[in-house]
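**Student:** The following block contains the structure, expressed as structure tokens.
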Amino acid sequence: MTCFTLQSRTSDYLEGTLSESLKREAEDHLGNCKECHARHRHYRLILAAIANQPKSTLPALLKKSPLTNPLPRGPTSQPTLIQWESIPWLLRTLIEGVGIVVFILFGTYSAPKIRALYEKNIDKSLTDFHESTHLNEILPDTVDPVLPPLQENPVNLSGSQAGDDISGEDDSEDDDDVHVGRSQLWRFTLKTVSPDELRPQVVKALTEAGVPLSLPGLGGIQVPGGIEFDLVLPQSSVPNIKHFLQKMAPPPFSDKVNSPSGSENFTWYRVKSKRKLPEGTSQVVIWLSQPN
Amino acid sequence: MGSTKDSVDHFVRSYGDLLFDLCESILWNPSSAQVAWRSIFKKIRNGCRFQRFSSYERSWVLRIACDKLLSFYAQGSQKFSAADQIKLDSTENPNTRIKNFNSYFHKLRPELQILLLLRDKYGIPYSEISSALAAPESSLKIQRQQALRALEEWLWNDR
């Protein structure tokens, strides 16, 4: 018998169902062939391992009612489920009902608070973002602690034009004291929801543009609808002020950024002033207005 | 109803333990084994009303059990993870490997596992296994040899 023949009759040999002559041939071959001998020894070990595997018995739950009781879903959920089901149904229902009511009450009580907290956080983060990306970018230094005082609303000055003429160049029939065309009025309007917050920034921008702190009206004037600065400044400082204010303006709400007079929240225009102004100076009116 | 219940009780008494052990050995998970066992017995309950058993009752039960087990196995019984497979393959010492015999045994195809268990653990004759697995006896003998050869290679041959 060859290795191949023995291999093909392994099953019968191991079962002991080979005929006497074949069995003798197989044993002769196993005596001569070390490889087949080792392999068959291994086969017997494997069969012994299979035969000696421990046998599981049917769980009592299945034996008691093979097809009716619900099966546990897993070893971890088994004790909990059984313990829960062992509670009388009346008590179980009561506990479940109370649990649901408590859950609903808790939800009703806590939902507005959670929402308020969430909105507060959103507001705070928006404010921080706006301050950090906008105002602080323009004027990173701290605001001058020596802020000129804000004046109260004086008579005849309510954010409108005191002594200026926005009708422009056609007005040539004024009285002789007025030197039409010699001086200019620059009017800048910044729309902001909080003029008070923007006021220190404007003051700082003005002082950086060379305006002395002692200049009357530098602190601004509180008028209905906002804060106004009415200043007489050297003409050379006006471009710098315009540049600062343009940067300071809140971002536009629409795509009017490229309009000739500036963005939606920053508008400016220039007209001839009727006021008597020294040579080389311009009247600058900065109007921090709250949007309607 | 009474007769069906009696029949089910008879089947549970006669084959309950055997089938449960078979389920647990193949599926390798007690929870899955319970589900599979119940599924087998539901099928037995539905089928026993139309059977006139004589000598092939166990073959019929085993046929149902094998079908269900193969189906459950295909649905996703516990299989080796890649890490387990690497761990098994990297074990050098044959003595350590034989200690993990069950792990190597479960690397076999489920049909071969059932064949070895039915034949060598429970001593069921080839004729009944042939009926249960729907394969001729000669084929089963060859499959058994192949299974033994595969196990022998996994356990003893140097890799």
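Residue names in the structure tokens use chain letters A, B, ... in the order shown, residue numbers from 1 in each chain, and ligand numbers from 1 in the order shown.
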Return as a ChimeraX atom specification the residues belonging to chain B that are within 9 Å of chain A, counting only C-alpha atoms.
**Tutor:** /B:8-9,12-13,16-22,24-25,30-32,34-35,37-39,41-42,98,101-102,105,116-117,120-123,141-142,144-145,148-149,151-152,155-156
**Student:** Tell me which protein, DNA and RNA residues are within 6 Å of segment 264-270 of chain A, counting only C-alpha atoms, leaving out same-chain ones fewer than 5 positions away, and put them as a ChimeraX atom specification.
**Tutor:** /A:185-191,249,252,256
**Student:** Store the residues of this selection in a file with N, CA and C atoms, as a compact mmCIF listing (two decimals), in the first residue's frame.
**Tutor:**
# COMPACT_ATOMS: atom_id res chain seq x y z
N LEU A 185 -17.86 120.68 3.23
CA LEU A 185 -18.48 119.91 4.31
C LEU A 185 -18.42 118.43 3.92
N TRP A 186 -17.75 117.69 4.74
CA TRP A 186 -17.71 116.24 4.55
C TRP A 186 -18.66 115.61 5.55
N ARG A 187 -19.52 114.80 5.04
CA ARG A 187 -20.49 114.19 5.94
C ARG A 187 -20.37 112.66 5.84
N PHE A 188 -20.04 112.05 6.93
CA PHE A 188 -19.90 110.59 6.97
C PHE A 188 -21.02 110.02 7.85
N THR A 189 -21.67 109.01 7.36
CA THR A 189 -22.73 108.35 8.14
C THR A 189 -22.37 106.89 8.34
N LEU A 190 -22.29 106.53 9.60
CA LEU A 190 -22.01 105.12 9.94
C LEU A 190 -23.25 104.54 10.62
N LYS A 191 -23.82 103.55 10.02
CA LYS A 191 -24.98 102.93 10.66
C LYS A 191 -24.49 101.83 11.59
N ALA A 249 -16.57 100.60 9.63
CA ALA A 249 -18.00 100.37 9.38
C ALA A 249 -18.33 98.89 9.50
N PRO A 252 -21.45 95.18 5.30
CA PRO A 252 -22.73 95.50 4.66
C PRO A 252 -23.68 94.33 4.72
N LYS A 256 -24.10 96.11 -1.78
CA LYS A 256 -23.97 97.49 -2.24
C LYS A 256 -22.59 98.06 -1.92
**Student:** So which residues of segment 42-135 of chain B fall under alpha helix (DSSP H) by DSSP, listed as a VMD selection string?
**Tutor:** chain B and resid 42 to 48 57 to 76 82 to 90 94 to 99 101 to 105 110 to 116 126 to 133
**Student:** Skip Gly226 of chain A itself and residues of its chain fewer than 2 positions away, then list as a ChimeraX atom specification all residues within 7 Å of it, counting only C-alpha atoms.
**Tutor:** /A:195,222-224,228,288-290
**Student:** Let me see the file: selected residues, C-alpha atoms, as a CSV table (one decimal), in the first residue's frame.
**Tutor:**
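That gives us selection.csv:
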chain,number,residue,atom,x,y,z
A,195,PRO,CA,-23.3,104.1,18.6
A,222,GLN,CA,-25.8,112.8,21.8
A,223,VAL,CA,-28.7,113.5,19.6
A,224,PRO,CA,-31.9,111.5,18.9
A,228,GLU,CA,-22.8,113.2,16.0
A,288,LEU,CA,-23.2,107.4,14.1
A,289,SER,CA,-26.8,106.5,13.5
A,290,GLN,CA,-28.9,103.6,14.6
